[in-house]
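Data file: entry39.cif. Format and content: mmCIF, C-alpha atoms and all ligand atoms.
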data_my_file
#
loop_
_atom_site.label_atom_id
_atom_site.label_comp_id
_atom_site.auth_asym_id
_atom_site.auth_seq_id
_atom_site.Cartn_x
_atom_site.Cartn_y
_atom_site.Cartn_z
CA MET A 7 -17.65 14.15 -40.96
CA ALA A 8 -19.05 11.21 -39.02
CA GLU A 9 -19.53 11.56 -35.28
CA LYS A 10 -17.10 9.66 -33.12
CA VAL A 11 -17.74 7.06 -30.44
CA VAL A 12 -15.18 5.62 -28.03
CA LEU A 13 -15.71 1.90 -27.49
CA ALA A 14 -14.34 -0.16 -24.59
CA TYR A 15 -12.78 -2.94 -26.64
CA SER A 16 -11.74 -6.33 -25.25
CA GLY A 17 -10.89 -8.09 -28.47
CA GLY A 18 -13.64 -10.64 -27.85
CA LEU A 19 -16.54 -11.50 -30.11
CA ASP A 20 -19.14 -9.03 -28.84
CA THR A 21 -16.99 -5.92 -28.92
CA SER A 22 -15.54 -6.89 -32.31
CA VAL A 23 -19.03 -7.28 -33.75
CA ALA A 24 -19.93 -4.01 -32.01
CA ILE A 25 -17.37 -2.06 -34.05
CA ARG A 26 -19.03 -3.13 -37.28
CA TRP A 27 -22.58 -2.91 -35.91
CA ILE A 28 -22.13 0.67 -34.64
CA LYS A 29 -20.88 1.75 -38.06
CA GLU A 30 -23.88 0.16 -39.69
CA LYS A 31 -26.53 1.28 -37.24
CA TYR A 32 -25.27 4.71 -36.16
CA ASN A 33 -22.86 5.58 -38.95
CA MET A 34 -20.26 6.65 -36.39
CA ASP A 35 -16.48 6.32 -36.42
CA VAL A 36 -15.39 3.91 -33.72
CA ILE A 37 -12.29 4.58 -31.63
CA ALA A 38 -11.38 1.41 -29.74
CA VAL A 39 -9.90 1.71 -26.27
CA THR A 40 -8.47 -1.31 -24.50
CA ALA A 41 -7.55 -0.92 -20.86
CA ASP A 42 -4.75 -3.08 -19.55
CA VAL A 43 -5.85 -3.94 -16.03
CA GLY A 44 -3.59 -6.96 -15.83
CA GLY A 45 -5.78 -9.40 -17.73
CA ASP A 46 -2.74 -11.07 -19.31
CA LYS A 47 -3.81 -10.80 -22.94
CA ASP A 48 -1.67 -9.92 -25.95
CA LEU A 49 -2.96 -6.38 -26.23
CA GLY A 50 -0.89 -5.60 -29.31
CA ALA A 51 -2.90 -8.24 -31.12
CA VAL A 52 -6.13 -6.88 -29.64
CA ARG A 53 -5.30 -3.44 -31.01
CA GLU A 54 -4.51 -4.84 -34.45
CA LYS A 55 -7.79 -6.67 -34.44
CA ALA A 56 -9.76 -3.53 -33.61
CA LEU A 57 -8.29 -1.79 -36.64
CA LYS A 58 -8.81 -4.83 -38.83
CA VAL A 59 -12.51 -5.07 -38.04
CA GLY A 60 -13.02 -1.39 -38.76
CA ALA A 61 -12.04 0.92 -35.90
CA VAL A 62 -10.63 4.25 -37.16
CA LYS A 63 -8.24 4.31 -34.24
CA ALA A 64 -7.24 1.85 -31.51
CA LEU A 65 -5.56 2.65 -28.22
CA VAL A 66 -4.19 0.38 -25.53
CA ILE A 67 -3.85 2.07 -22.17
CA ASP A 68 -1.75 0.58 -19.38
CA ALA A 69 -4.00 1.15 -16.38
CA ARG A 70 -2.52 -1.48 -14.09
CA GLU A 71 -0.90 0.87 -11.62
CA ASP A 72 -3.96 3.08 -11.49
CA PHE A 73 -6.12 -0.01 -10.96
CA VAL A 74 -4.05 -1.39 -8.10
CA ASP A 75 -3.34 1.92 -6.34
CA HIS A 76 -6.70 3.63 -6.72
CA PHE A 77 -9.21 0.79 -6.95
CA ALA A 78 -7.97 -2.59 -5.66
CA PHE A 79 -5.91 -1.45 -2.66
CA PRO A 80 -8.47 1.07 -1.41
CA ALA A 81 -11.03 -1.76 -1.62
CA LEU A 82 -8.63 -3.88 0.42
CA GLN A 83 -8.31 -1.13 3.03
CA ALA A 84 -12.09 -1.01 3.15
CA ASP A 85 -12.39 -4.83 3.43
CA ALA A 86 -14.90 -4.54 0.60
CA ILE A 87 -16.13 -8.04 -0.18
CA TYR A 88 -19.56 -8.43 -1.77
CA GLN A 89 -21.92 -10.78 0.06
CA GLY A 90 -19.03 -11.92 2.19
CA VAL A 91 -17.22 -13.74 -0.64
CA TYR A 92 -16.67 -11.80 -3.87
CA PRO A 93 -13.57 -9.54 -3.87
CA LEU A 94 -15.12 -7.38 -6.64
CA ALA A 95 -12.40 -7.66 -9.31
CA THR A 96 -14.68 -6.95 -12.26
CA ALA A 97 -16.74 -4.39 -10.37
CA LEU A 98 -13.65 -2.37 -9.43
CA SER A 99 -12.37 -2.21 -12.99
CA ARG A 100 -15.54 -0.74 -14.47
CA PRO A 101 -15.37 2.79 -13.08
CA LEU A 102 -11.72 2.94 -14.18
CA ILE A 103 -12.62 1.82 -17.69
CA ALA A 104 -15.49 4.33 -17.77
CA ARG A 105 -13.09 7.10 -16.77
CA LEU A 106 -10.66 6.12 -19.53
CA LEU A 107 -13.50 6.17 -22.08
CA VAL A 108 -14.52 9.63 -20.93
CA ASP A 109 -10.92 10.91 -21.06
CA VAL A 110 -10.42 9.64 -24.59
CA ALA A 111 -13.84 10.94 -25.69
CA GLU A 112 -12.87 14.39 -24.49
CA LYS A 113 -9.49 14.27 -26.22
CA GLU A 114 -10.93 12.98 -29.47
CA GLY A 115 -14.01 15.16 -29.52
CA ALA A 116 -16.34 12.15 -29.47
CA SER A 117 -20.03 12.57 -28.73
CA ALA A 118 -20.55 9.08 -27.32
CA VAL A 119 -18.94 6.15 -25.59
CA ALA A 120 -19.85 2.50 -26.06
CA HIS A 121 -19.39 -0.83 -24.30
CA GLY A 122 -20.12 -4.48 -24.93
CA CYS A 123 -22.21 -5.18 -21.83
CA THR A 124 -25.48 -7.03 -22.15
CA GLY A 125 -28.71 -5.75 -20.68
CA LYS A 126 -28.91 -8.22 -17.80
CA GLY A 127 -25.65 -7.75 -15.95
CA ASN A 128 -24.07 -5.38 -13.47
CA ASP A 129 -21.37 -4.08 -15.78
CA GLN A 130 -23.77 -2.01 -17.91
CA VAL A 131 -24.93 -0.27 -14.73
CA ARG A 132 -21.39 0.41 -13.53
CA ILE A 133 -20.24 1.89 -16.82
CA ASP A 134 -23.41 3.84 -17.61
CA VAL A 135 -23.63 5.37 -14.14
CA SER A 136 -19.91 6.20 -14.06
CA VAL A 137 -20.13 7.94 -17.43
CA ALA A 138 -23.23 9.81 -16.31
CA ALA A 139 -21.33 11.03 -13.23
CA LEU A 140 -18.18 12.05 -15.10
CA ALA A 141 -19.55 13.37 -18.39
CA PRO A 142 -23.34 13.60 -18.43
CA HIS A 143 -23.31 15.10 -21.92
CA LEU A 144 -21.93 11.90 -23.46
CA ARG A 145 -24.31 9.43 -24.96
CA VAL A 146 -23.81 5.76 -24.09
CA ILE A 147 -24.29 3.12 -26.76
CA ALA A 148 -24.51 -0.50 -25.67
CA PRO A 149 -24.79 -2.62 -28.84
CA ALA A 150 -25.14 -5.98 -27.07
CA ARG A 151 -28.07 -4.54 -25.10
CA GLU A 152 -29.68 -3.22 -28.27
CA TRP A 153 -29.08 -5.70 -31.07
CA GLY A 154 -31.15 -8.58 -29.71
CA MET A 155 -28.92 -11.26 -31.25
CA THR A 156 -28.35 -14.65 -29.63
CA ARG A 157 -24.80 -15.93 -29.33
CA GLU A 158 -25.27 -18.02 -32.51
CA GLN A 159 -26.61 -15.02 -34.39
CA THR A 160 -23.69 -12.90 -33.22
CA ILE A 161 -21.26 -15.54 -34.48
CA ALA A 162 -23.13 -15.68 -37.80
CA TYR A 163 -23.00 -11.87 -38.04
CA ALA A 164 -19.25 -11.99 -37.41
CA LYS A 165 -18.71 -14.61 -40.09
CA ARG A 166 -20.85 -12.66 -42.56
CA HIS A 167 -18.68 -9.60 -42.08
CA GLY A 168 -15.31 -11.31 -42.03
CA ILE A 169 -14.81 -10.68 -38.32
CA PRO A 170 -12.57 -13.42 -36.94
CA VAL A 171 -14.35 -15.50 -34.33
CA PRO A 172 -11.77 -16.06 -31.58
CA VAL A 173 -11.04 -19.62 -30.53
CA THR A 174 -12.15 -18.64 -27.04
CA SER A 175 -15.68 -18.17 -28.37
CA ALA A 176 -15.65 -21.93 -28.80
CA SER A 177 -15.18 -22.15 -25.02
CA PRO A 178 -18.52 -22.37 -23.28
CA TYR A 179 -17.44 -19.89 -20.60
CA SER A 180 -17.54 -16.13 -20.34
CA VAL A 181 -14.44 -14.84 -18.61
CA ASP A 182 -13.39 -11.44 -17.30
CA GLN A 183 -10.07 -11.01 -15.57
CA ASN A 184 -7.71 -8.46 -14.12
CA LEU A 185 -5.02 -8.35 -11.44
CA TRP A 186 -7.57 -8.58 -8.63
CA GLY A 187 -9.29 -11.70 -9.92
CA ARG A 188 -10.90 -13.77 -12.61
CA SER A 189 -14.62 -14.37 -13.12
CA ILE A 190 -16.07 -17.32 -14.99
CA GLU A 191 -19.72 -17.66 -16.00
CA CYS A 192 -21.99 -19.62 -18.41
CA GLY A 193 -21.99 -23.16 -19.78
CA VAL A 194 -22.45 -25.95 -17.21
CA LEU A 195 -21.82 -23.42 -14.44
CA GLU A 196 -25.37 -22.19 -14.94
CA ASP A 197 -26.52 -25.32 -13.10
CA PRO A 198 -25.79 -24.47 -9.44
CA TRP A 199 -25.76 -28.17 -8.56
CA VAL A 200 -22.88 -28.94 -10.91
CA GLU A 201 -19.37 -28.79 -9.49
CA PRO A 202 -17.17 -26.54 -11.64
CA PRO A 203 -15.10 -28.71 -13.98
CA GLU A 204 -11.33 -28.26 -13.74
CA ASP A 205 -11.13 -26.54 -17.14
CA VAL A 206 -12.90 -23.52 -15.61
CA PHE A 207 -9.81 -22.67 -13.59
CA ALA A 208 -6.70 -21.01 -14.98
CA TRP A 209 -5.00 -19.43 -11.98
CA THR A 210 -5.42 -22.03 -9.25
CA ALA A 211 -4.39 -25.65 -8.81
CA SER A 212 -6.98 -28.00 -7.40
CA ALA A 213 -6.40 -28.68 -3.71
CA GLN A 214 -5.71 -32.30 -4.62
CA ASN A 215 -2.87 -31.41 -6.95
CA ALA A 216 -1.41 -28.66 -4.78
CA PRO A 217 1.95 -29.33 -3.08
CA ASP A 218 1.89 -31.35 0.13
CA GLN A 219 4.30 -28.96 1.81
CA PRO A 220 2.88 -25.67 3.10
CA ARG A 221 4.18 -22.30 1.92
CA TYR A 222 4.55 -19.78 4.74
CA VAL A 223 4.42 -16.19 3.59
CA GLU A 224 4.84 -12.90 5.46
CA ILE A 225 3.05 -9.82 4.19
CA SER A 226 3.77 -6.37 5.59
CA PHE A 227 1.35 -3.47 5.50
CA GLU A 228 1.72 0.27 5.95
CA LYS A 229 -1.50 2.05 6.83
CA GLY A 230 -3.50 -0.81 5.34
CA ILE A 231 -1.51 -1.01 2.10
CA PRO A 232 0.56 -4.14 1.45
CA THR A 233 4.17 -3.19 0.80
CA SER A 234 6.30 -6.30 1.05
CA ILE A 235 6.37 -10.08 0.75
CA ASP A 236 8.80 -11.97 2.98
CA GLY A 237 10.64 -8.75 3.72
CA ARG A 238 11.07 -7.76 0.06
CA ASP A 239 9.59 -4.33 -0.67
CA MET A 240 7.48 -4.41 -3.81
CA ASP A 241 5.31 -2.18 -5.93
CA GLY A 242 1.60 -3.03 -5.90
CA ILE A 243 1.46 -4.69 -9.31
CA SER A 244 4.37 -7.07 -8.62
CA LEU A 245 3.08 -7.85 -5.16
CA VAL A 246 -0.36 -8.82 -6.42
CA GLN A 247 1.11 -10.79 -9.34
CA GLU A 248 3.44 -12.71 -7.07
CA LEU A 249 0.67 -13.57 -4.61
CA ASN A 250 -1.64 -14.67 -7.42
CA GLU A 251 0.99 -17.15 -8.54
CA MET A 252 2.07 -18.28 -5.09
CA ALA A 253 -1.38 -18.79 -3.61
CA GLY A 254 -2.80 -20.12 -6.87
CA ARG A 255 -0.13 -22.82 -6.92
CA HIS A 256 -1.36 -23.92 -3.48
CA GLY A 257 -4.97 -24.05 -4.61
CA VAL A 258 -5.98 -20.92 -2.72
CA GLY A 259 -8.42 -18.52 -4.32
CA ARG A 260 -11.41 -20.44 -5.66
CA ILE A 261 -14.88 -19.07 -4.98
CA ASP A 262 -18.25 -20.58 -5.90
CA HIS A 263 -21.07 -18.15 -5.23
CA ILE A 264 -24.78 -17.69 -5.84
CA GLU A 265 -24.72 -13.96 -6.24
CA ASP A 266 -27.41 -11.30 -6.26
CA ARG A 267 -27.06 -9.02 -9.24
CA LEU A 268 -28.28 -5.46 -8.98
CA VAL A 269 -30.83 -6.14 -11.73
CA GLY A 270 -32.58 -8.67 -9.50
CA ILE A 271 -31.20 -11.91 -10.91
CA LYS A 272 -29.48 -14.56 -8.86
CA SER A 273 -26.52 -15.92 -10.80
CA ARG A 274 -23.92 -18.62 -10.23
CA GLU A 275 -20.45 -17.12 -10.23
CA ILE A 276 -17.08 -18.80 -10.11
CA TYR A 277 -14.07 -16.68 -9.23
CA GLU A 278 -10.37 -17.13 -8.84
CA ALA A 279 -8.77 -14.48 -6.67
CA PRO A 280 -5.68 -15.92 -4.97
CA ALA A 281 -3.93 -12.64 -4.15
CA ALA A 282 -7.11 -10.92 -3.02
CA ILE A 283 -8.09 -13.77 -0.70
CA VAL A 284 -4.66 -13.84 0.92
CA LEU A 285 -4.51 -10.05 1.24
CA PHE A 286 -8.01 -9.71 2.72
CA ALA A 287 -7.23 -12.41 5.28
CA ALA A 288 -3.95 -10.73 6.20
CA HIS A 289 -5.41 -7.23 6.30
CA LYS A 290 -8.31 -8.26 8.53
CA ALA A 291 -5.92 -10.06 10.87
CA LEU A 292 -3.85 -6.90 11.22
CA GLU A 293 -6.94 -4.80 11.85
CA ALA A 294 -8.05 -7.24 14.54
CA MET A 295 -4.79 -6.50 16.32
CA THR A 296 -4.57 -2.72 15.80
CA LEU A 297 -8.18 -1.49 15.97
CA ALA A 298 -10.35 -1.32 19.06
CA ARG A 299 -13.53 -3.37 19.35
CA ASP A 300 -15.83 -0.46 18.48
CA GLN A 301 -13.69 0.51 15.51
CA LEU A 302 -13.78 -3.06 14.22
CA ARG A 303 -17.53 -3.34 14.55
CA PHE A 304 -18.19 -0.05 12.80
CA LYS A 305 -15.57 -0.79 10.15
CA GLN A 306 -17.42 -3.97 9.20
CA LYS A 307 -20.55 -1.93 8.55
CA VAL A 308 -18.56 0.49 6.42
CA ALA A 309 -17.02 -2.49 4.61
CA ASP A 310 -20.45 -3.87 3.73
CA GLU A 311 -21.62 -0.44 2.52
CA CYS A 312 -18.48 -0.06 0.41
CA ALA A 313 -18.86 -3.50 -1.12
CA ASP A 314 -22.51 -2.90 -2.06
CA LEU A 315 -21.72 0.51 -3.45
CA VAL A 316 -18.86 -0.77 -5.63
CA TYR A 317 -20.91 -3.74 -6.76
CA ASN A 318 -23.86 -1.54 -7.59
CA GLY A 319 -21.90 0.87 -9.75
CA LEU A 320 -21.87 3.90 -7.44
CA TRP A 321 -18.09 4.43 -7.37
CA PHE A 322 -18.35 8.10 -8.35
CA SER A 323 -20.97 8.97 -5.72
CA SER A 324 -20.54 11.42 -2.85
CA PHE A 325 -21.46 8.64 -0.45
CA HIS A 326 -18.38 6.77 -1.63
CA GLN A 327 -16.19 9.80 -0.94
CA ASP A 328 -17.56 9.96 2.58
CA LEU A 329 -16.89 6.29 3.22
CA VAL A 330 -13.37 6.59 1.80
CA ALA A 331 -12.65 9.35 4.30
CA TYR A 332 -13.64 7.06 7.16
CA VAL A 333 -11.68 4.13 5.77
CA GLN A 334 -8.53 6.22 5.31
CA SER A 335 -8.75 7.49 8.85
CA SER A 336 -9.29 3.95 10.14
CA GLN A 337 -6.06 2.73 8.54
CA ARG A 338 -3.59 5.03 10.28
CA HIS A 339 -2.34 2.33 12.64
CA VAL A 340 -2.89 -0.67 10.39
CA THR A 341 0.82 -1.23 9.99
CA GLY A 342 2.64 -4.46 10.67
CA THR A 343 3.28 -7.96 9.39
CA VAL A 344 1.04 -10.98 9.03
CA ARG A 345 2.24 -14.55 8.59
CA LEU A 346 0.08 -16.93 6.60
CA LYS A 347 0.18 -20.59 5.75
CA LEU A 348 -0.90 -21.72 2.29
CA LEU A 349 -1.70 -25.41 2.11
CA LYS A 350 -3.94 -27.45 -0.17
CA GLY A 351 -6.51 -24.78 -0.96
CA VAL A 352 -6.51 -23.25 2.50
CA CYS A 353 -5.06 -19.90 3.51
CA ARG A 354 -4.73 -19.49 7.25
CA VAL A 355 -3.34 -16.63 9.31
CA VAL A 356 -0.83 -18.11 11.75
CA GLY A 357 0.93 -15.02 13.09
CA ARG A 358 0.72 -11.24 13.30
CA LYS A 359 2.76 -8.37 14.77
CA SER A 360 2.54 -4.61 14.76
CA PRO A 361 4.24 -1.64 16.44
CA TYR A 362 0.69 -0.44 17.16
CA SER A 363 -0.60 -3.76 18.45
CA LEU A 364 -3.26 -3.37 21.11
CA TYR A 365 -2.58 -6.90 22.29
CA ARG A 366 -0.86 -6.82 25.68
CA HIS A 367 0.70 -10.06 26.79
CA ALA A 368 0.79 -8.88 30.40
CA LEU A 369 -3.00 -8.48 30.31
CA ALA A 370 -3.80 -11.66 28.40
CA THR A 371 -1.45 -14.15 30.03
CA TYR A 372 -2.40 -16.84 32.54
CA ASP A 373 1.28 -17.31 33.31
CA GLU A 374 3.87 -15.42 35.31
CA GLY A 375 3.73 -11.61 34.92
CA ASP A 376 -0.06 -11.27 34.81
CA GLN A 377 -0.93 -7.60 35.40
CA PHE A 378 -4.69 -7.92 35.05
CA ASP A 379 -6.39 -7.15 38.36
CA GLN A 380 -8.90 -9.97 38.71
CA SER A 381 -10.38 -8.52 41.88
CA ALA A 382 -11.56 -5.48 39.87
CA SER A 383 -13.82 -7.74 37.83
CA VAL A 384 -16.20 -8.17 40.75
CA GLY A 385 -17.18 -4.51 40.84
CA PHE A 386 -17.27 -4.30 37.06
CA ILE A 387 -19.62 -7.27 36.79
CA HIS A 388 -21.81 -5.94 39.61
CA ILE A 389 -22.55 -2.76 37.67
CA TRP A 390 -22.56 -4.34 34.19
CA GLY A 391 -25.16 -6.92 35.28
CA LEU A 392 -27.20 -4.56 37.44
CA PRO A 393 -29.97 -3.77 34.92
CA VAL A 394 -30.39 -7.47 34.11
CA LYS A 395 -30.62 -8.30 37.82
CA VAL A 396 -33.17 -5.56 38.53
CA GLN A 397 -35.30 -6.50 35.55
CA ALA A 398 -35.21 -10.19 36.45
CA GLN A 399 -36.49 -9.35 39.92
CA ILE A 400 -39.33 -7.12 38.76
CA GLN A 401 -40.30 -8.91 35.55
CA PRO A 402 -39.38 -12.52 36.32
CA GLU A 403 -41.20 -13.89 33.26
CA ASN A 404 -38.13 -12.93 31.27
CA LYS A 405 -36.46 -16.04 32.63
CA SER A 406 -38.94 -18.32 30.92
CA THR A 407 -37.60 -17.34 27.49
CA LEU A 408 -34.23 -18.78 28.31
N1 LIG B 501 -20.67 -11.14 -11.36
C1 LIG B 501 -19.47 -10.39 -11.36
C2 LIG B 501 -19.78 -8.91 -11.22
O1 LIG B 501 -20.87 -8.51 -11.44
C3 LIG B 501 -18.61 -10.70 -12.56
C4 LIG B 501 -19.05 -10.12 -13.85
C5 LIG B 501 -18.21 -10.58 -14.98
N2 LIG B 501 -18.41 -9.73 -16.10
C6 LIG B 501 -18.24 -10.12 -17.36
N3 LIG B 501 -18.44 -9.23 -18.28
N4 LIG B 501 -17.91 -11.34 -17.66
O2 LIG B 501 -18.91 -8.15 -10.89
#
With the file now loaded, output its structure as structure tokens.
Ligand code: ARG
Amino acid sequence: MAEKVVLAYSGGLDTSVAIRWIKEKYNMDVIAVTADVGGDKDLGAVREKALKVGAVKALVIDAREDFVDHFAFPALQADAIYQGVYPLATALSRPLIARLLVDVAEKEGASAVAHGCTGKGNDQVRIDVSVAALAPHLRVIAPAREWGMTREQTIAYAKRHGIPVPVTSASPYSVDQNLWGRSIECGVLEDPWVEPPEDVFAWTASAQNAPDQPRYVEISFEKGIPTSIDGRDMDGISLVQELNEMAGRHGVGRIDHIEDRLVGIKSREIYEAPAAIVLFAAHKALEAMTLARDQLRFKQKVADECADLVYNGLWFSSFHQDLVAYVQSSQRHVTGTVRLKLLKGVCRVVGRKSPYSLYRHALATYDEGDQFDQSASVGFIHIWGLPVKVQAQIQPENKSTL
């Protein structure tokens, strides 16, 4: 009996060719697994295709709830945004997909898992490292990293073996998408000087074509998790879907980034992430109101560590567990409602409230009812500035640097 391998199957050209190529090269039976992470594809058709091109078995797994609850929302709580701009949609889905591959491999008695990642991206790292953490005995096969075919050669291989070449392969772009965002690479986008043509975008209107009237939206959070839109309680999937549509319609969510891949390459990345952009803005606004200054400063460091770690494929590391513990603790008062204005490509926070708000009107106001004791500032400043004053007297040259 042939050994079995569980392949992460998207239905695209590379993974379709991979099914045939693995049979030829390794003489293994391929079990195709397609994870539904909200990418909006007809997954019934994807499954059929896997079988048609030679998989012995094809599974579609609805992982949307798992993805939102255990990957996207924890990343939101962490404020994990890579290099300050990328909400990590693809990066967050990879450890989940790896875990599904491992689960199926165990159930099916497979000796290997496989994926369609090339040898120059981040995704290969994320999947390989995740598999190594979860099931070190499993072998990982990465056909697109091994076969050394150009895109043209891959298409020729597909045609030779009667593998349908999807219409989307005619598109010059490489796209990956899930509920948390959409990534677009290749074609003219590889010239960082070229503005992305409109046909790159599928989820967002251009600012020009967005409605002239603003859309105000209120998002409520409980312990850092978004729970309602405009007062309507919603499950995570619906909430993210609704915000993707709403913000996308107003042109919010486009990102154009020169990104540093883990493998040392700078690459030009276009993203659409309407819901994520709105939710990060809202979440940060609520934290600004409910966390103390020191907590905010330290949280930002944790956020940067989390983002790098997710980007770099270390989801299943102990370090991640440690950071998650901090993040969870930090969210215990991040409850309240944020009001945002979506207008012509811009998402702006215009209001926030929380039962745990640390903002005290009586302390902040310049009007009637001011309770801040201004006379106390004199003594405070005297002691705060004392070391500067002493040093300036004894080492006066310090002044010349100002
Ligand atoms: N640059 C992004 C990342 O590393 C997006 C990758 C998109 N992946 C893909 N297979 N098209 O997370």
Closest of A:Lys272, A:His167, A:Arg26, A:Lys350 to ligand LIG 501 (chain B), counting only C-alpha atoms and all ligand atoms, is A:Lys272
Within 6 Å of ligand LIG 501 (chain B), counting only C-alpha atoms and all ligand atoms, residues as a JSON list (two decimals) with C-alpha atoms, keeping the file's coordinate frame:
[["chain", "number", "residue", "atom", "x", "y", "z"],
["A", 94, "LEU", "CA", -15.12, -7.38, -6.64],
["A", 96, "THR", "CA", -14.68, -6.95, -12.26],
["A", 97, "ALA", "CA", -16.74, -4.39, -10.37],
["A", 128, "ASN", "CA", -24.07, -5.38, -13.47],
["A", 180, "SER", "CA", -17.54, -16.13, -20.34],
["A", 181, "VAL", "CA", -14.44, -14.84, -18.61],
["A", 182, "ASP", "CA", -13.39, -11.44, -17.30],
["A", 189, "SER", "CA", -14.62, -14.37, -13.12]]
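Here CA of Val91 in chain A is placed at a distance of 12.7 Å from CA of Arg274 in chain A.
The shortest atom-to-atom distance to Pro80 in chain A, with only C-alpha atoms taken into account, belongs to A:Leu98 out of A:Leu144, A:Leu349, A:Leu98, A:Ala211.
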For a cut-off of 12 Å around (-0.8, -20.6, -3.7), file coordinates, pick out all residues using all atoms listed in the file and list them as a PDB file with C-alpha atoms, keeping the file's coordinate frame.
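Saved to out32.pdb:
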ATOM      1  CA  TRP A 209      -5.000 -19.430 -11.980  1.00  0.00           C
ATOM      2  CA  THR A 210      -5.420 -22.030  -9.250  1.00  0.00           C
ATOM      3  CA  ALA A 211      -4.390 -25.650  -8.810  1.00  0.00           C
ATOM      4  CA  SER A 212      -6.980 -28.000  -7.400  1.00  0.00           C
ATOM      5  CA  ALA A 213      -6.400 -28.680  -3.710  1.00  0.00           C
ATOM      6  CA  ASN A 215      -2.870 -31.410  -6.950  1.00  0.00           C
ATOM      7  CA  ALA A 216      -1.410 -28.660  -4.780  1.00  0.00           C
ATOM      8  CA  PRO A 217       1.950 -29.330  -3.080  1.00  0.00           C
ATOM      9  CA  ASP A 218       1.890 -31.350   0.130  1.00  0.00           C
ATOM     10  CA  GLN A 219       4.300 -28.960   1.810  1.00  0.00           C
ATOM     11  CA  PRO A 220       2.880 -25.670   3.100  1.00  0.00           C
ATOM     12  CA  ARG A 221       4.180 -22.300   1.920  1.00  0.00           C
ATOM     13  CA  TYR A 222       4.550 -19.780   4.740  1.00  0.00           C
ATOM     14  CA  VAL A 223       4.420 -16.190   3.590  1.00  0.00           C
ATOM     15  CA  GLN A 247       1.110 -10.790  -9.340  1.00  0.00           C
ATOM     16  CA  GLU A 248       3.440 -12.710  -7.070  1.00  0.00           C
ATOM     17  CA  LEU A 249       0.670 -13.570  -4.610  1.00  0.00           C
ATOM     18  CA  ASN A 250      -1.640 -14.670  -7.420  1.00  0.00           C
ATOM     19  CA  GLU A 251       0.990 -17.150  -8.540  1.00  0.00           C
ATOM     20  CA  MET A 252       2.070 -18.280  -5.090  1.00  0.00           C
ATOM     21  CA  ALA A 253      -1.380 -18.790  -3.610  1.00  0.00           C
ATOM     22  CA  GLY A 254      -2.800 -20.120  -6.870  1.00  0.00           C
ATOM     23  CA  ARG A 255      -0.130 -22.820  -6.920  1.00  0.00           C
ATOM     24  CA  HIS A 256      -1.360 -23.920  -3.480  1.00  0.00           C
ATOM     25  CA  GLY A 257      -4.970 -24.050  -4.610  1.00  0.00           C
ATOM     26  CA  VAL A 258      -5.980 -20.920  -2.720  1.00  0.00           C
ATOM     27  CA  GLY A 259      -8.420 -18.520  -4.320  1.00  0.00           C
ATOM     28  CA  ARG A 260     -11.410 -20.440  -5.660  1.00  0.00           C
ATOM     29  CA  GLU A 278     -10.370 -17.130  -8.840  1.00  0.00           C
ATOM     30  CA  ALA A 279      -8.770 -14.480  -6.670  1.00  0.00           C
ATOM     31  CA  PRO A 280      -5.680 -15.920  -4.970  1.00  0.00           C
ATOM     32  CA  ALA A 281      -3.930 -12.640  -4.150  1.00  0.00           C
ATOM     33  CA  ALA A 282      -7.110 -10.920  -3.020  1.00  0.00           C
ATOM     34  CA  ILE A 283      -8.090 -13.770  -0.700  1.00  0.00           C
ATOM     35  CA  VAL A 284      -4.660 -13.840   0.920  1.00  0.00           C
ATOM     36  CA  LEU A 346       0.080 -16.930   6.600  1.00  0.00           C
ATOM     37  CA  LYS A 347       0.180 -20.590   5.750  1.00  0.00           C
ATOM     38  CA  LEU A 348      -0.900 -21.720   2.290  1.00  0.00           C
ATOM     39  CA  LEU A 349      -1.700 -25.410   2.110  1.00  0.00           C
ATOM     40  CA  LYS A 350      -3.940 -27.450  -0.170  1.00  0.00           C
ATOM     41  CA  GLY A 351      -6.510 -24.780  -0.960  1.00  0.00           C
ATOM     42  CA  VAL A 352      -6.510 -23.250   2.500  1.00  0.00           C
ATOM     43  CA  CYS A 353      -5.060 -19.900   3.510  1.00  0.00           C
ATOM     44  CA  ARG A 354      -4.730 -19.490   7.250  1.00  0.00           C
TER      45      ARG A 354
END
Please write a file for range 14-20 of chain A, taken from the block I just shared, that holds N, CA and C atoms and is laid out as an mmCIF file, in the first residue's frame.
data_model
loop_
_atom_site.group_PDB
_atom_site.id
_atom_site.type_symbol
_atom_site.label_atom_id
_atom_site.label_comp_id
_atom_site.auth_asym_id
_atom_site.auth_seq_id
_atom_site.Cartn_x
_atom_site.Cartn_y
_atom_site.Cartn_z
ATOM 1 N N ALA A 14 -2.240 20.492 1.756
ATOM 2 C CA ALA A 14 -3.065 21.697 1.893
ATOM 3 C C ALA A 14 -3.424 22.154 0.487
ATOM 4 N N TYR A 15 -4.689 22.015 0.144
ATOM 5 C CA TYR A 15 -5.122 22.213 -1.246
ATOM 6 C C TYR A 15 -5.998 23.451 -1.398
ATOM 7 N N SER A 16 -5.600 24.348 -2.313
ATOM 8 C CA SER A 16 -6.365 25.590 -2.497
ATOM 9 C C SER A 16 -7.265 25.524 -3.716
ATOM 10 N N GLY A 17 -6.969 24.592 -4.602
ATOM 11 C CA GLY A 17 -7.727 24.547 -5.854
ATOM 12 C C GLY A 17 -7.024 25.310 -6.966
ATOM 13 N N GLY A 18 -5.969 26.011 -6.624
ATOM 14 C CA GLY A 18 -5.213 26.786 -7.612
ATOM 15 C C GLY A 18 -4.283 25.893 -8.421
ATOM 16 N N LEU A 19 -3.533 26.537 -9.299
ATOM 17 C CA LEU A 19 -2.683 25.793 -10.229
ATOM 18 C C LEU A 19 -1.605 24.968 -9.514
ATOM 19 N N ASP A 20 -0.865 25.626 -8.620
ATOM 20 C CA ASP A 20 0.282 24.948 -8.003
ATOM 21 C C ASP A 20 -0.122 23.719 -7.204
#
